[in-house]
Amino acid sequence: MRPWFALAVKFLGQDPQQRSNTMSMNTIGFLGAGNMAGAIIKGLIASGFEAKSIWVFDRNQDKRDGWAALGLSIAKNADDLVIHSDALVLSVKPQGLKETCESIASAVADHKPLILSVVAAIPAQSIAQWLSASLPIIRVMPNTPSLVQAGASGLFANNLCLPEHKAFAETVFRAVGRISWVEDEQLIHSVTAAAGSAPAYFFRFAEAMSKTALEQGLTEQQARTLIGQTMLGAAKMILETNEDIGQMRKNVCSPNGTTERAIFSFNDDQIDTVVNNAMKACFDRSVELTDLLSQ
């Protein structure tokens with residue numbers, strides 16, 4: 001059963017009074033079709049969304065042509081996209097979001113789509129202000145592993161969102177990975193530090209490991225395979241067991257063994273301080289960008 005069809009069945013099963021307060025979502029539109037939007041679109045198609053029910057508008061003609069070739073519906077302009085979208089994904093650069101929102105405000109006021117924003121730093125209140133409308137808005141902080149349907153997304157819904165809106169958002173972003181809701185929008189800064197920016201932390205760690213592995217005699221492909229698979233396996237253990245992460249680390253450390261020696265080296269170099277400083281720097285910059293771009 002397609003995700004939006006399941007929502008429609010739920011909608012039709014309600015009595016008329018309940019139905020008048022809900023929203024049937026059959027189409028989703030993407031305003032901006034960069035890497036993140038592309039990852040979400042591909043995940044939706046892979047999970048069973050009909051390509052023709054996904055609408056796209058991007059200023060880049062090559063991108064529009066590429067999505068058209070895959071069967072997506074291409075809007076003539078931004079207003080046309082709004083008209084055809086029951087849910088509208090804002091996926092433009094943060095610096096251009098205000099101008100974009102103001103340009104579609106009239107169409108949004110007429111059509112009243114659910115707004116899903118994957119734009120970093122811009123709070124829901126600013127989006128509502130720029131659209132000049134009181135609308136259900138869900139902010140999402142996804143990350144780049146969404147490109148391989150292994151992303152992590154933090155979501156926040158404003159107080160106009162109904163359970164149906166949240167259910168639809170869950171369907172969309174579960175198509176590209178795992179999700180976690182936060183009740184306080186300020187926690188999106190924490191999501192940025194823990195997930196949004198975090199793939200780069202792990203890439204940097206893997207990069208350092210790869211350099212040493214090459215020095216110790218492994219080939220580049222051997223290092224890539226062994227390190228990448230080890231990171232994947234460790235991640236699966238975190239997600240698929242209930243064991244404390246610290247205990248899992250201890251379980252690998254035989255007394256006076258090789259792993260314990262490596263962990264002692266990390267501790268001597270104050271790895272907790274290094275990680276804390278990095279995540280705090282990320283968090284603080286997220287706050288700075290919100291203050292700068294949300295006016």
# chains A, B, ... in the order shown; residues from 1 in each chain; ligands from 1
$ closest_atom_pairs --of "segment 122-147 of chain A" --to "segment 168-177 of chain A" --cutoff "8 Å" --atoms "only C-alpha atoms" --output "CSV"
residue,atom,partner,partner_atom,distance
A:Ile138,CA,A:Ala169,CA,7.8
A:Ser146,CA,A:Val176,CA,5.0
A:Leu147,CA,A:Val176,CA,7.4
$ write_last_selection --atoms "C-alpha atoms" --output "PDB file, in the first residue's frame"
ATOM      1  CA  ILE A 138       7.576  20.627   9.962  1.00  0.00           C
ATOM      2  CA  SER A 146      20.091   9.820   3.094  1.00  0.00           C
ATOM      3  CA  LEU A 147      21.768   9.515  -0.326  1.00  0.00           C
TER       4      LEU A 147
END
$ select_by_dssp --residues "segment 95-255 of chain A" --states "strand (DSSP E)" --output "list of chain:residue names"
A:Leu114, A:Ile115, A:Leu116, A:Ser117, A:Ile137, A:Ile138, A:Arg139, A:Val140, A:Met141, A:Gly151, A:Ala152, A:Ser153, A:Gly154, A:Leu155, A:Phe156, A:Ala157, A:Gly177, A:Arg178, A:Ile179, A:Ser180, A:Trp181
$ residues_around --residues "Lys52 of chain A" --least-positions-apart "3" --cutoff "6 Å" --atoms "only C-alpha atoms" --output "PyMOL selection string"
chain A and resi 71-73
$ closest_atom_pairs --of "segment 96-202 of chain A" --to "segment 234-250 of chain A" --cutoff "12 Å" --atoms "only C-alpha atoms" --output "CSV"
residue,atom,partner,partner_atom,distance
A:Ala150,CA,A:Ala235,CA,11.0
A:Ala152,CA,A:Leu239,CA,11.6
A:Arg178,CA,A:Leu239,CA,10.1
A:Phe202,CA,A:Ala235,CA,11.1
$ write_last_selection --atoms "C-alpha atoms" --output "PDB file, in the first residue's frame"
ATOM      1  CA  ALA A 150      20.705   5.300   5.559  1.00  0.00           C
ATOM      2  CA  ALA A 152      19.186  10.138  10.250  1.00  0.00           C
ATOM      3  CA  ARG A 178      15.637   6.647  10.592  1.00  0.00           C
ATOM      4  CA  PHE A 202      33.066   9.884  10.960  1.00  0.00           C
TER       5      PHE A 202
END
$ atom_distance --atom1 "atom CA of Gln295 of chain A" --atom2 "atom CA of Ser106 of chain A"
20.4 Å
$ closest_residue --among "A:Gly34, A:Gly29, A:Gly196, A:Pro136" --to "Lys93 of chain A" --atoms "only C-alpha atoms"
A:Gly34
$ residues_around --residues "Lys63 of chain A" --least-positions-apart "3" --cutoff "12 Å" --atoms "only C-alpha atoms" --output "count of residues only"
18
$ residues_around --residues "Val148 of chain A" --least-positions-apart "3" --cutoff "8 Å" --atoms "only C-alpha atoms" --output "ChimeraX atom specification"
/A:39,145,151,176
